[in-house]
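> Sharing target.tsv below, TSV, C-alpha atoms:
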chain	number	residue	atom	x	y	z
F	1	MET	CA	93.76	118.35	64.05
F	2	SER	CA	94.88	119.79	60.71
F	3	GLU	CA	97.31	122.70	60.67
F	4	GLN	CA	95.53	125.95	61.44
F	5	ILE	CA	95.77	129.11	59.39
F	6	PRO	CA	95.67	132.26	61.56
F	7	GLY	CA	92.44	134.18	61.15
F	8	VAL	CA	90.48	131.29	59.61
F	9	PRO	CA	87.68	130.00	61.91
F	10	GLU	CA	87.42	126.27	62.58
F	11	GLN	CA	84.22	124.69	63.90
F	12	LEU	CA	85.02	122.27	66.72
F	13	GLU	CA	81.44	121.32	67.61
F	14	PRO	CA	78.04	122.96	67.02
F	15	ARG	CA	78.45	125.55	69.80
F	16	VAL	CA	82.24	126.05	69.66
F	17	ALA	CA	84.54	127.48	67.00
F	18	ARG	CA	88.14	128.61	67.31
F	19	LEU	CA	90.35	131.11	65.51
F	20	LEU	CA	94.14	131.29	65.82
F	21	ALA	CA	95.85	134.60	66.55
F	22	PRO	CA	99.03	135.41	64.57
F	23	ASN	CA	101.31	135.45	67.63
F	24	PRO	CA	103.41	132.25	67.57
F	25	SER	CA	106.42	132.06	69.88
F	26	PRO	CA	108.33	129.55	72.02
F	27	PHE	CA	105.86	130.42	74.78
F	28	THR	CA	102.55	130.65	72.90
F	29	HIS	CA	103.10	127.64	70.59
F	30	THR	CA	101.25	128.37	67.32
F	31	GLY	CA	99.48	131.36	68.92
F	32	THR	CA	96.52	132.19	71.11
F	33	GLN	CA	93.33	130.25	70.40
F	34	VAL	CA	90.28	132.54	70.37
F	35	HIS	CA	87.06	130.62	71.03
F	36	LEU	CA	83.60	131.63	69.80
F	37	VAL	CA	80.78	130.08	71.83
F	38	GLY	CA	77.19	129.95	70.59
F	39	THR	CA	75.31	129.85	67.30
F	40	THR	CA	72.80	132.70	66.94
F	41	ASP	CA	74.50	134.86	69.56
F	42	LEU	CA	78.04	134.53	70.87
F	43	ALA	CA	80.61	134.85	73.57
F	44	VAL	CA	84.21	135.43	72.50
F	45	ILE	CA	86.77	133.93	74.90
F	46	ASP	CA	90.29	135.43	75.06
F	47	PRO	CA	90.41	137.58	71.91
F	48	GLY	CA	94.19	137.74	72.13
F	49	PRO	CA	96.49	140.59	71.12
F	50	ASP	CA	95.46	144.05	69.97
F	51	ASP	CA	96.33	143.47	66.33
F	52	PRO	CA	94.02	145.23	63.81
F	53	ASP	CA	94.11	142.43	61.24
F	54	HIS	CA	93.49	139.82	63.92
F	55	VAL	CA	90.56	141.74	65.43
F	56	ALA	CA	89.14	142.19	61.93
F	57	ALA	CA	89.34	138.40	61.46
F	58	ILE	CA	87.39	137.87	64.70
F	59	VAL	CA	84.73	140.35	63.56
F	60	ALA	CA	84.50	138.52	60.21
F	61	ALA	CA	84.07	135.20	62.03
F	62	ILE	CA	81.31	136.71	64.17
F	63	GLY	CA	79.53	137.47	60.92
F	64	GLY	CA	77.15	140.11	62.25
F	65	ARG	CA	75.77	137.94	65.05
F	66	PRO	CA	75.17	139.63	68.42
F	67	VAL	CA	78.03	139.24	70.90
F	68	CYS	CA	76.77	138.86	74.46
F	69	ALA	CA	80.18	139.06	76.12
F	70	ILE	CA	83.91	139.17	75.54
F	71	VAL	CA	85.23	136.74	78.15
F	72	ILE	CA	88.74	136.87	79.61
F	73	THR	CA	90.49	134.02	81.46
F	74	HIS	CA	93.46	136.11	82.65
F	75	THR	CA	95.24	139.33	81.81
F	76	HIS	CA	98.47	138.35	80.10
F	77	ARG	CA	99.02	140.38	76.94
F	78	ASP	CA	98.56	137.43	74.61
F	79	HIS	CA	94.98	137.05	75.90
F	80	SER	CA	93.16	140.24	76.85
F	81	PRO	CA	94.26	143.38	74.90
F	82	GLY	CA	92.11	142.48	71.89
F	83	SER	CA	89.06	142.83	74.12
F	84	ARG	CA	89.06	146.62	73.82
F	85	PRO	CA	88.95	147.04	70.02
F	86	LEU	CA	86.57	144.06	69.83
F	87	ALA	CA	84.25	145.73	72.36
F	88	ARG	CA	84.29	148.91	70.28
F	89	ALA	CA	83.49	146.91	67.14
F	90	THR	CA	80.67	144.84	68.64
F	91	GLY	CA	79.33	146.85	71.58
F	92	ALA	CA	79.77	143.77	73.80
F	93	PRO	CA	80.76	144.05	77.47
F	94	ILE	CA	84.12	142.72	78.68
F	95	VAL	CA	83.64	140.20	81.50
F	96	GLY	CA	85.73	137.64	83.31
F	97	CYS	CA	88.76	137.76	85.56
F	98	ALA	CA	89.64	140.64	87.85
F	99	PRO	CA	92.18	143.27	86.73
F	100	LEU	CA	95.77	142.57	87.65
F	101	ALA	CA	98.90	144.49	86.66
F	102	LEU	CA	102.17	143.27	88.10
F	103	ASP	CA	105.74	143.21	86.86
F	104	ASP	CA	106.88	139.59	86.70
F	105	ALA	CA	110.65	139.89	86.70
F	106	GLY	CA	112.14	137.57	84.14
F	107	ILE	CA	108.95	136.54	82.36
F	108	ARG	CA	108.73	136.91	78.61
F	109	GLY	CA	107.46	140.13	77.08
F	110	ASP	CA	104.46	138.67	75.27
F	111	ALA	CA	102.96	137.47	78.53
F	112	SER	CA	103.46	140.52	80.71
F	113	PHE	CA	100.30	141.81	82.29
F	114	ASP	CA	97.78	143.91	80.38
F	115	ARG	CA	97.73	147.11	82.43
F	116	ASP	CA	94.79	148.60	80.51
F	117	TYR	CA	92.36	145.72	81.06
F	118	ALA	CA	89.13	147.17	82.49
F	119	PRO	CA	86.24	144.68	82.63
F	120	ASP	CA	82.64	145.79	82.72
F	121	ARG	CA	81.91	142.88	85.06
F	122	VAL	CA	84.22	140.71	87.15
F	123	LEU	CA	83.14	137.09	87.45
F	124	ALA	CA	83.78	135.00	90.56
F	125	GLU	CA	83.58	131.25	91.11
F	126	GLY	CA	80.12	130.04	90.09
F	127	ASP	CA	79.05	133.22	88.27
F	128	SER	CA	77.49	132.60	84.86
F	129	ILE	CA	76.70	134.38	81.61
F	130	GLY	CA	74.63	132.95	78.80
F	131	GLY	CA	72.93	133.25	75.46
F	132	ALA	CA	70.74	131.21	73.13
F	133	GLY	CA	71.47	127.58	73.99
F	134	TRP	CA	74.71	128.15	75.90
F	135	THR	CA	75.96	129.01	79.38
F	136	LEU	CA	79.47	129.80	80.61
F	137	THR	CA	80.17	129.36	84.31
F	138	ALA	CA	83.36	130.67	85.91
F	139	LEU	CA	85.71	128.28	87.71
F	140	ALA	CA	88.55	129.82	89.71
F	141	THR	CA	91.86	128.21	88.71
F	142	PRO	CA	94.65	130.38	90.19
F	143	GLY	CA	98.29	129.43	89.87
F	144	HIS	CA	99.49	130.49	86.41
F	145	THR	CA	98.18	133.87	87.56
F	146	SER	CA	96.25	134.72	90.71
F	147	ASN	CA	93.27	135.96	88.66
F	148	HIS	CA	93.00	132.99	86.30
F	149	LEU	CA	89.52	131.66	85.50
F	150	ALA	CA	88.38	128.68	83.48
F	151	PHE	CA	84.87	128.49	82.02
F	152	VAL	CA	82.52	125.52	81.88
F	153	LEU	CA	80.10	125.09	78.94
F	154	PRO	CA	77.63	122.41	80.16
F	155	GLU	CA	75.80	122.24	76.82
F	156	ALA	CA	78.91	121.13	74.90
F	157	GLN	CA	79.71	117.55	73.91
F	158	ASP	CA	76.03	116.63	73.64
F	159	GLY	CA	75.41	117.72	77.21
F	160	ALA	CA	78.52	116.13	78.75
F	161	GLY	CA	80.13	119.56	78.97
F	162	ALA	CA	83.45	121.14	78.06
F	163	LEU	CA	85.89	123.41	79.87
F	164	PHE	CA	87.74	126.40	78.43
F	165	SER	CA	90.98	126.03	80.36
F	166	GLY	CA	92.87	129.17	79.31
F	167	ASP	CA	96.54	128.71	80.21
F	168	HIS	CA	95.88	126.52	83.24
F	169	VAL	CA	95.75	123.36	81.12
F	170	MET	CA	97.18	123.70	77.62
F	171	GLY	CA	97.21	121.34	74.67
F	172	TRP	CA	100.95	121.50	74.01
F	173	SER	CA	102.92	122.17	77.20
F	174	THR	CA	102.61	122.81	80.92
F	175	SER	CA	101.95	126.36	82.12
F	176	ILE	CA	104.58	128.76	83.32
F	177	VAL	CA	104.17	129.54	87.02
F	178	SER	CA	106.15	132.71	87.62
F	179	PRO	CA	106.33	134.43	91.03
F	180	PRO	CA	105.44	136.82	92.50
F	181	ASP	CA	101.94	136.43	91.09
F	182	GLY	CA	102.29	132.88	89.80
F	183	ASN	CA	101.95	130.50	92.71
F	184	MET	CA	102.86	126.81	92.61
F	185	THR	CA	100.83	125.94	95.70
F	186	ALA	CA	97.71	127.44	94.12
F	187	TYR	CA	98.51	125.90	90.73
F	188	MET	CA	98.74	122.38	92.16
F	189	ALA	CA	95.50	122.90	94.11
F	190	SER	CA	93.76	124.07	90.93
F	191	LEU	CA	94.92	120.95	89.10
F	192	GLU	CA	93.62	118.80	91.94
F	193	LYS	CA	90.34	120.69	91.68
F	194	LEU	CA	89.99	119.67	88.02
F	195	LEU	CA	90.47	116.00	88.92
F	196	GLY	CA	87.11	116.19	90.65
F	197	ARG	CA	85.34	117.30	87.47
F	198	THR	CA	83.82	115.25	84.66
F	199	GLU	CA	83.98	117.38	81.48
F	200	PRO	CA	85.31	115.09	78.71
F	201	MET	CA	86.84	117.88	76.60
F	202	TYR	CA	89.02	120.90	77.36
F	203	TYR	CA	89.49	123.79	74.93
F	204	PRO	CA	92.80	125.47	75.88
F	205	ALA	CA	94.09	128.86	74.80
F	206	HIS	CA	97.21	127.28	73.28
F	207	GLY	CA	97.33	124.00	71.41
F	208	ASP	CA	94.64	121.58	70.30
F	209	PRO	CA	91.52	120.50	72.20
F	210	VAL	CA	92.25	118.00	74.95
F	211	ALA	CA	90.25	114.78	74.92
F	212	ASN	CA	90.54	112.64	78.06
F	213	PRO	CA	91.65	115.67	80.09
F	214	GLN	CA	91.73	113.77	83.38
F	215	ARG	CA	94.68	111.75	82.10
F	216	LEU	CA	96.49	114.94	81.08
F	217	VAL	CA	95.80	116.64	84.43
F	218	ARG	CA	97.13	113.62	86.31
F	219	GLY	CA	100.21	113.74	84.10
F	220	MET	CA	100.68	117.45	84.81
F	221	LEU	CA	100.50	116.84	88.54
F	222	GLY	CA	103.00	114.02	88.18
F	223	HIS	CA	105.33	116.21	86.12
F	224	ARG	CA	105.35	118.94	88.75
F	225	LYS	CA	105.97	116.40	91.52
F	226	GLN	CA	108.88	115.01	89.51
F	227	ARG	CA	110.33	118.51	89.20
F	228	GLU	CA	109.98	118.97	92.93
F	229	GLY	CA	111.76	115.65	93.43
F	230	GLN	CA	114.61	116.80	91.16
F	231	ILE	CA	114.99	119.96	93.20
F	232	LEU	CA	115.00	118.07	96.49
F	233	ARG	CA	117.54	115.52	95.25
F	234	GLY	CA	119.80	118.25	93.90
F	235	LEU	CA	119.71	120.27	97.11
F	236	ARG	CA	120.31	117.10	99.11
F	237	GLU	CA	123.60	116.78	97.25
F	238	THR	CA	124.61	120.44	97.54
F	239	PRO	CA	123.06	123.89	98.13
F	240	ALA	CA	122.73	125.82	94.88
F	241	THR	CA	121.50	128.94	93.14
F	242	ILE	CA	118.45	128.77	90.90
F	243	ALA	CA	120.61	129.20	87.79
F	244	GLU	CA	122.74	126.23	88.85
F	245	MET	CA	119.64	124.12	89.42
F	246	VAL	CA	118.18	125.01	86.01
F	247	ALA	CA	121.45	124.14	84.24
F	248	ARG	CA	121.34	120.67	85.82
F	249	MET	CA	117.60	120.06	85.42
F	250	TYR	CA	116.79	121.41	81.95
F	251	VAL	CA	119.46	119.84	79.76
F	252	GLY	CA	118.84	120.27	76.04
F	253	ILE	CA	116.01	122.81	76.11
F	254	ASP	CA	115.91	125.97	74.00
F	255	PRO	CA	118.12	128.52	75.84
F	256	ARG	CA	115.39	131.12	75.28
F	257	LEU	CA	113.30	129.14	77.76
F	258	PHE	CA	115.88	129.32	80.56
F	259	PRO	CA	114.42	132.48	82.14
F	260	ALA	CA	110.98	130.84	82.28
F	261	ALA	CA	112.53	127.67	83.71
F	262	GLU	CA	114.18	129.75	86.42
F	263	ARG	CA	110.80	131.24	87.34
F	264	SER	CA	109.27	127.77	87.52
F	265	VAL	CA	112.05	126.49	89.79
F	266	LEU	CA	111.62	129.58	91.97
F	267	ALA	CA	107.89	128.83	92.23
F	268	HIS	CA	108.68	125.29	93.40
F	269	LEU	CA	111.21	126.60	95.92
F	270	ILE	CA	108.73	129.12	97.34
F	271	ASP	CA	106.23	126.28	97.73
F	272	LEU	CA	108.88	124.16	99.49
F	273	ARG	CA	109.77	127.10	101.73
F	274	GLY	CA	106.09	127.46	102.64
F	275	ARG	CA	106.15	123.82	103.72
F	276	ALA	CA	109.36	124.42	105.72
F	277	ARG	CA	111.39	122.12	103.46
F	278	ALA	CA	113.77	124.66	101.90
F	279	ALA	CA	115.31	128.02	102.75
F	280	GLU	CA	117.32	130.68	100.93
F	281	ARG	CA	120.16	132.92	102.02
F	282	GLY	CA	122.24	135.12	99.74
F	283	GLY	CA	120.73	133.54	96.65
F	284	ILE	CA	121.73	130.03	97.77
F	285	TRP	CA	118.96	127.51	98.42
F	286	ARG	CA	119.33	124.58	100.79
F	287	LEU	CA	117.14	121.97	102.42
F	288	THR	CA	115.89	122.53	105.94
F	289	VAL	CA	114.82	118.91	106.59
Represent the structure contained in this file as structure tokens.

Amino acid sequence: MSEQIPGVPEQLEPRVARLLAPNPSPFTHTGTQVHLVGTTDLAVIDPGPDDPDHVAAIVAAIGGRPVCAIVITHTHRDHSPGSRPLARATGAPIVGCAPLALDDAGIRGDASFDRDYAPDRVLAEGDSIGGAGWTLTALATPGHTSNHLAFVLPEAQDGAGALFSGDHVMGWSTSIVSPPDGNMTAYMASLEKLLGRTEPMYYPAHGDPVANPQRLVRGMLGHRKQREGQILRGLRETPATIAEMVARMYVGIDPRLFPAAERSVLAHLIDLRGRARAAERGGIWRLTV
């Protein structure tokens, strides 16, 4: 893919266009990808931040076409706040994931939860919305957040289908899984769930479209299992705090990412504790078996 310019729509296939939000960061990559689905009428998936110039760019890309729905995968602030000014501008309902407003200690500011998100309709697994020549069906993919949804567009790719994967599967990095709401056990199960699907293209909210997504999903599962193995090997040598584990495991990464790495390690440890393989006392983690 050529380098994107924020606010300039790019047609990916006849029923799918994308528009980049101007919110790059070490955690959002080049920014949030807003997807427009449809031709004569539209759905807008994850409109991104509440930035007047950005929302104006989405409205310009809509070009006066009716908007059937503003669709939200999850309620981090780099995804859902733009839904409210866009709803006012278009008259479209906000639909998608359930509201969720938690404080994730240690997670970056741009991905804290959107406390003002108020959908007109909450979609559950298997629920669908549609327009002229397109359908979006919700697929529950908890893990990155407990309310995370992906959306399947069966008409894409000449009828082979495509999946809007939100932050569950991204085109540039693995997702942050940050307790208490982020859950590694659920995240791994959601990845396994995708292995049973056949869509040949994923459109993530960060990074480029993902061709051959099954290979990427298998790689993501393998990456998380490798991280778990690192944790187990380290604790087999000596009990440790999370900060000590991160310093050993994440050599050479941007120090700004250390807090997120600590949340990811904590998510793995909570999963191991749930399987009775690790325990914590006084901030020190150790193996139980």
> Pick the closest to Ser25 of chain F from F:Arg256, F:Arg121, F:Arg88, F:His268: which is it, counting all atoms listed in the file?
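Distance minimum relative to Ser25 of chain F lands on F:Arg256.
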> State, in Å with one decimal place, the distance from atom CA of Thr185 of chain F to atom CA of Glu262 of chain F.
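Computed distance, atom CA of Thr185 of chain F to atom CA of Glu262 of chain F, equals 16.7 Å.
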> Leu100 of chain F: which residues within 8 Å, counting all atoms listed in the file, same-chain residues fewer than 4 positions away excluded, as a PyMOL selection string?
chain F and resi 75+113-115+147
> Point out the residue among F:Lys225, F:Ser175, F:Asp167, F:Ala140 with the least atom-to-atom distance to Ser190 of chain F, counting only C-alpha atoms.
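Closest residue, counting only C-alpha atoms: F:Ala140.
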> Interatomic distance between atom CA of Asp53 of chain F and atom CA of Pro93 of chain F?
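Interatomic distance here is 21.1 Å.
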> Between atom CA of Val169 of chain F and atom CA of Ser146 of chain F, what is the distance, to one decimal in Å?
14.9 Å
> Using only C-alpha atoms, which protein or nucleic acid residues come within 8 Å of segment 59-68 of chain F? Drop anything in the same chain fewer than 3 positions from it, and give the result as an MDAnalysis selection string.
chainID F and resid 8:9 36 40:44 55:56 86 89:93 130:131
> Fewer than 2 positions away in the same chain doesn't count, so skip those; otherwise give me all residues within 8 Å of segment 132-135 of chain F, counting all atoms listed in the file, as a short mmCIF file (atom, residue, chain, number, x, y, z; two decimals) with C-alpha atoms, keeping the file's coordinate frame.

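What ended up in result-v6.cif:
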data_model
loop_
_atom_site.label_atom_id
_atom_site.label_comp_id
_atom_site.auth_asym_id
_atom_site.auth_seq_id
_atom_site.Cartn_x
_atom_site.Cartn_y
_atom_site.Cartn_z
CA ARG F 15 78.45 125.55 69.80
CA VAL F 37 80.78 130.08 71.83
CA GLY F 38 77.19 129.95 70.59
CA THR F 39 75.31 129.85 67.30
CA THR F 40 72.80 132.70 66.94
CA ASP F 41 74.50 134.86 69.56
CA SER F 128 77.49 132.60 84.86
CA ILE F 129 76.70 134.38 81.61
CA GLY F 130 74.63 132.95 78.80
CA THR F 137 80.17 129.36 84.31
CA VAL F 152 82.52 125.52 81.88
CA LEU F 153 80.10 125.09 78.94
CA PRO F 154 77.63 122.41 80.16
CA GLU F 155 75.80 122.24 76.82
#
